[in-house]
Protein chains: 2
Amino acid sequence: MAGDVLAAYLNAQAGDFLRSLRLHREAGSDVEAAAEAARLLHRAARRISGALSVYRPLTDTAWSDELRAELAWLSGTLALEHAYTERLSRLRGALHRLSGTGGPPDRPLGEEAAAVGAAAGEAAGGGGTTTASAASTAAAARPARAARRSVSLATGAPDPAPAPRRGTADGADPAEGAEETSGTAVGKRPDQRSDQCADGPDSTGRPTAPQRAGGVDGGRGAGLTVGAARAGALLERQLTLARTRAHTAALQALGSSRCHAVADTVALLASEVPLDETAAQRPAEQVLPPLAELAHRRLVEAVDGLPLGRAGHPYNAEALIHGLAATPAADAPPASEEQDAPWHQVRRLLRMRRYALEVLEPTEPKPPKAPDEGAGSGLVNGPVEPQLSVRLLAAAQALERHRDASEAAAAAAAAARTPRIAPATAYALGVLHADQRHEVEAARFAFGRIWRRTATRAT
Amino acid sequence: MAGDVLAAYLNAQAGDFLRSLRLHREAGSDVEAAAEAARLLHRAARRISGALSVYRPLTDTAWSDELRAELAWLSGTLALEHAYTERLSRLRGALHRLSGTGGPPDRPLGEEAAAVGAAAGEAAGGGGTTTASAASTAAAARPARAARRSVSLATGAPDPAPAPRRGTADGADPAEGAEETSGTAVGKRPDQRSDQCADGPDSTGRPTAPQRAGGVDGGRGAGLTVGAARAGALLERQLTLARTRAHTAALQALGSSRCHAVADTVALLASEVPLDETAAQRPAEQVLPPLAELAHRRLVEAVDGLPLGRAGHPYNAEALIHGLAATPAADAPPASEEQDAPWHQVRRLLRMRRYALEVLEPTEPKPPKAPDEGAGSGLVNGPVEPQLSVRLLAAAQALERHRDASEAAAAAAAAARTPRIAPATAYALGVLHADQRHEVEAARFAFGRIWRRTATRAT
């Protein structure tokens with residue numbers, strides 16, 4: 001029955017959710033383990049939310065709508081710290097690349113092919129309780145990359161113009177930032193947090209390993225020109241502050257009674273999913289595929305609204321078309337936001353589409369099939385392209401790159417609006433902003449190519 | 001005989017050269033006609049020089065080497081004013097595009113195809129005395145484009161942040177610039193110039209039409225943010241000063257006795273070319289094709305040295321790799337120069353290759369041939385691709401775009417080193433620099449595609 005298939009998926013994801021909560025509690029002072037647990041929590045929360053959204057008619061809608069709202073709050077809160085860490089790392093890598101100091105290849109060639117390969121790895125273990133190993137493999141690769149980056153920063157190329165190591169670079173007041181940081185971290189520390197959601201020794205608001213690592217390499221600017229080094233220091237300061245706040249907010253969220261309530265609801269999901277009795281009793285093959293198809297149609301319609309024709313022309317210069325149109329007011333949204341919004345929407349719909357497919361095709365851990373072997377599950381409408389989920393994941397990754405670059409470009413533009421910065425700093429931030437907007441354009445181009453292949457094979 | 005073929009080509013080009021000198025003299029106060037004459041002069045000079053270089057063994061080498069050096073001096077001097085005009089126009093267009101103010105589409109889609117089309121137009125009339133009409137058609141199109149740009153600047157999009165119209169923008173001293181300008185234009189006016197090379201009423205050093213037009217639209221910055229408007233004003237001031245100096249230098253050169261000597265030498269070329277008696281007496285089909293082939297091999301070897309594999313990946317981010325590595329010293333060459341040099345060298349060799357082909361295949365004015373009709377001349381080695389000269393021209397145009405964008409990027413970077421500019425100005429110049437470096441990358445990508453087609457068909 002349709003309800004059983006959905007319930008099986010939700011059971012598994014709820015199990016992952018509760019397990020990652022426990023892992024986070026057990027991580028204790030192991031900062032890496034805590035970050036990994038937070039990532040898994042985020043991952044399970046998005047899947048529960050996505051499945052409840054696509055297969056909403058099968059559920060007790062009042063109940064599932066409320067849970068989705070709460071999961072959105074929790075995963076949104078948990079995602080921020082990681083996002084700031086990645087944003088700083090991306091911008092730091094770009095500054096080194098732009099300075100020709102031989103930093104890590106943050107934009108390697110053949111990236112698209114590699115993305116499909118990596119996606120295949122994750123998709124093979126996707127869905128159900130077996131996802132943890134694939135995800136942790138991917139996560140384990142990350143610190144290694146970060147370590148390589150640190151090494152290359154430390155041993156960087158010969159320094160043509162040694163950057164002055166200045167605490168007060170660009171005229172901003174470091175004392176003010178420090179005060180705000182400690183104020184947030186200590187003063188707002190959640191005192192009422194319980195055992196269930198967060199109680200590890202890591203919840204004291206002291207900096208995590210990535211934060212410390214940032215402090216070690218970030219400001220040094222080996223091999224950077226003065227402008228690039230100052231721009232790096234300014235971004236370091238601003239994004240570290242934002243990350244510290246996000247860290248505190250995440251700890252607060254994990255310790256809140258609201259989090260407890262979510263955990264209780266998800267615990268219910270792990271045993272018995274509140275379903276709509278009538279719809280859930282109907283045969284799975286009658287109910288589920290049309291709903292998955294609906295998610296697919298929503299995605300296709302949204303993609304059809306994208307300017308893919310233009311994006312398919314390399315170097316169309318579209319993404320930077322508002323590069324200088326940003327209003328100088330500090331809080332005004334960048335003019336590029338409107339241009340990026342449809343792409344962000346497609347990214348979200350793509351996620352829904354992937355989770356819809358995961359519910360239909362719970363994959364077991366098995367060796368990769370030959371391409372012509374066909375798919376096993378009979379729940380999917382029509383002939384199944386075995387590589388479909390891989391391609392959808394690759395498309396999603398292109399749009400994640402799109403979002404990351406878009407937000408990094410906005411961060412560079414925002415930093416350039418800091419009062420009293422030096423012209424050299426502002427110039428470097430301008431170059432950096434344009435570079436990231438071109439990454440946005442490159443991601444659109446990559447998405448267009450992946451989508452064209454996906455569309456021709458899947459429909 | 002080989003000498004006759006070369007002499008016929010040189011006669012025709014020398015005729016164009018002398019005619020354009022006369023046109024320049026007759027242009028009088030007609031600024032556009034004078035600019036057009038200068039362009040034709042430059043065009044003929046490059047062709048004479050190129051033919052003498054490729055077919056050097058056929059000529060009296062001492063004589064031809066000296067003439068080439070003198071032609072390089074003259075055409076280099078004459079080209080500068082136009083280059084500054086175009087550079088300012090390119091940067092102004094880019095600033096408007098980057099501000100999303102709906103300026104002219106200075107980077108339209110399908111540009112490559114259009115370039116090939118335009119190239120076909122010019123190539124059909126290429127070589128010999130019939131070139132003037134094709135070139136003047138192309139030139140006539142330019143003012144029209146400039147006019148459209150002026151209109152779109154004047155009627156620009158709604159102005160989100162009206163740019164202050166400041167004479168003293170960015171702290172530079174306008175009086176100093178003005179003094180230098182008039183000092184150069186008046187004080188250094190060549191008083192000893194003769195009738196033959198330059199005597200029109202235009203030689204008084206007063207601003208030409210494009211210069212005045214620049215003064216009208218350039219600084220207004222309709223629809224631009226403060227930073228973009230100030231960056232535009234700064235570039236306007238610096239490039240207009242450079243252009244005025246170039247204009248004066250061109251007038252000085254045209255009036256100099258050195259120019260008279262060149263004109264006398266070219267006049268000799270129009271009647272009787274000093275040839276090497278032995279080589280020139282040999283059959284044309286034995287002597288000329290191997291020399292053209294040598295020019296072709298030099299070109300192919302230089303292209304083989306280019307990183308075309310990397311350039312063929314769209315969004316490879318290679319061109320901006322030194323975007324922030326420029327040393328802040330005012331006179332230091334930009335770090336990107338080393339990266340661009342091999343491409344500039346290929347552009348020059350491509351020109352040689354084209355002129356070598358023009359000597360072998362003097363085309364008559366005729367309607368465009370069907371692609372399968374074949375080439376008429378028997379002088380070219382092996383089967384001839386009728387579209388070869390068209391493709392070579394398209395490739396050359398891609399590399400001209402490469403050079404223009406490279407120099408525009410350098411101009412933006414140089415402007416950012418102006419002392420005491422505002423951070424917003426520096427930021428806009430940073431965005432502009434990065435944008436033009438991406439144009440460099442786009443031009444390399446376009447060249448790679450054209451070359452691949454040329455290479456597979458021509459060899």
# chains A, B, ... in the order shown; residues from 1 in each chain; ligands from 1
>>> interface_residues(of="chain A", to="chain B", cutoff="6 Å", atoms="only C-alpha atoms", output="list of chain:residue names")
A:Arg97, A:Leu98, A:Ser99, A:Gly100, A:Pro314, A:Tyr315, A:Ile321, A:His322, A:Gly323, A:Leu324, A:Ala325, A:Pro423, A:Ala426, A:Tyr427, A:Gly430, A:Val431, A:Ala434, A:Ala442
>>> residues_around(residues="Cys259 in chain B", least_positions_apart="5", cutoff="9 Å", atoms="only C-alpha atoms", output="PyMOL selection string")
chain B and resi 70+74+197+253-254+264
>>> closest_residue(among="B:Leu88, B:Val359, B:Ala280, B:Ala267", to="Ala14 in chain B", atoms="only C-alpha atoms")
B:Ala267
>>> residues_around(residues="range 394-405 of chain A", least_positions_apart="2", cutoff="7 Å", atoms="only C-alpha atoms", output="list in words")
Arg87, Ala115, Val116, Ala119, His344, Arg347, Leu350, Val390, Arg391, Leu392, Glu407, Ala408, Ala409, Gln436, Arg437, Glu439, Val440, Ala443, Arg444, Ala446, Phe447, Ile450 and Trp451 of chain A
>>> write_last_selection(atoms="C-alpha atoms", output="mmCIF file, in the first residue's frame")
data_model
loop_
_atom_site.group_PDB
_atom_site.id
_atom_site.type_symbol
_atom_site.label_atom_id
_atom_site.label_comp_id
_atom_site.auth_asym_id
_atom_site.auth_seq_id
_atom_site.Cartn_x
_atom_site.Cartn_y
_atom_site.Cartn_z
ATOM 1 C CA ARG A 87 31.795 30.796 2.154
ATOM 2 C CA ALA A 115 30.580 15.979 -9.958
ATOM 3 C CA VAL A 116 28.706 13.264 -11.800
ATOM 4 C CA ALA A 119 27.133 12.032 -7.321
ATOM 5 C CA HIS A 344 17.349 28.949 -6.325
ATOM 6 C CA ARG A 347 17.412 23.981 -6.779
ATOM 7 C CA LEU A 350 15.212 19.530 -7.783
ATOM 8 C CA VAL A 390 22.882 10.463 -10.486
ATOM 9 C CA ARG A 391 22.153 13.150 -13.045
ATOM 10 C CA LEU A 392 19.603 14.842 -10.828
ATOM 11 C CA GLU A 407 26.228 34.287 -1.695
ATOM 12 C CA ALA A 408 29.999 34.624 -1.762
ATOM 13 C CA ALA A 409 29.682 37.402 -4.352
ATOM 14 C CA GLN A 436 32.218 34.920 -7.990
ATOM 15 C CA ARG A 437 29.488 36.238 -10.261
ATOM 16 C CA GLU A 439 31.243 31.358 -11.014
ATOM 17 C CA VAL A 440 27.483 31.883 -10.862
ATOM 18 C CA ALA A 443 27.328 27.055 -12.643
ATOM 19 C CA ARG A 444 24.327 27.990 -14.789
ATOM 20 C CA ALA A 446 27.065 23.542 -16.177
ATOM 21 C CA PHE A 447 23.496 23.060 -14.995
ATOM 22 C CA ILE A 450 23.512 18.434 -17.266
ATOM 23 C CA TRP A 451 19.841 19.236 -17.591
#
>>> residues_around(residues="range 235-245 of chain B", least_positions_apart="3", cutoff="6 Å", atoms="only C-alpha atoms", output="MDAnalysis selection string")
chainID B and resid 81 84 232 248
>>> write_last_selection(atoms="all heavy atoms", output="PDB file, in the first residue's frame")
ATOM      1  N   GLU B  81      45.606  56.729 -31.427  1.00  0.00           N
ATOM      2  CA  GLU B  81      44.445  57.565 -31.117  1.00  0.00           C
ATOM      3  C   GLU B  81      43.159  56.751 -31.209  1.00  0.00           C
ATOM      4  O   GLU B  81      42.317  56.780 -30.306  1.00  0.00           O
ATOM      5  CB  GLU B  81      44.372  58.752 -32.087  1.00  0.00           C
ATOM      6  CG  GLU B  81      43.210  59.673 -31.757  1.00  0.00           C
ATOM      7  CD  GLU B  81      43.091  60.817 -32.757  1.00  0.00           C
ATOM      8  OE1 GLU B  81      43.939  60.916 -33.655  1.00  0.00           O
ATOM      9  OE2 GLU B  81      42.133  61.604 -32.624  1.00  0.00           O
ATOM     10  N   TYR B  84      42.780  54.373 -28.240  1.00  0.00           N
ATOM     11  CA  TYR B  84      42.287  54.999 -27.006  1.00  0.00           C
ATOM     12  C   TYR B  84      40.786  55.281 -27.097  1.00  0.00           C
ATOM     13  O   TYR B  84      40.048  55.118 -26.138  1.00  0.00           O
ATOM     14  CB  TYR B  84      43.053  56.282 -26.692  1.00  0.00           C
ATOM     15  CG  TYR B  84      44.439  56.028 -26.139  1.00  0.00           C
ATOM     16  CD1 TYR B  84      45.571  56.515 -26.779  1.00  0.00           C
ATOM     17  CD2 TYR B  84      44.612  55.284 -24.978  1.00  0.00           C
ATOM     18  CE1 TYR B  84      46.846  56.279 -26.289  1.00  0.00           C
ATOM     19  CE2 TYR B  84      45.884  55.030 -24.472  1.00  0.00           C
ATOM     20  CZ  TYR B  84      47.002  55.533 -25.132  1.00  0.00           C
ATOM     21  OH  TYR B  84      48.249  55.287 -24.627  1.00  0.00           O
ATOM     22  N   GLY B 232      33.845  55.792 -14.306  1.00  0.00           N
ATOM     23  CA  GLY B 232      33.716  56.222 -15.697  1.00  0.00           C
ATOM     24  C   GLY B 232      34.362  57.571 -15.927  1.00  0.00           C
ATOM     25  O   GLY B 232      35.073  57.772 -16.917  1.00  0.00           O
ATOM     26  N   THR B 248      47.887  64.411 -31.136  1.00  0.00           N
ATOM     27  CA  THR B 248      48.963  65.360 -31.407  1.00  0.00           C
ATOM     28  C   THR B 248      50.163  64.648 -32.007  1.00  0.00           C
ATOM     29  O   THR B 248      50.761  65.131 -32.981  1.00  0.00           O
ATOM     30  CB  THR B 248      49.371  66.048 -30.090  1.00  0.00           C
ATOM     31  OG1 THR B 248      48.205  66.544 -29.463  1.00  0.00           O
ATOM     32  CG2 THR B 248      50.332  67.186 -30.365  1.00  0.00           C
TER      33      THR B 248
END
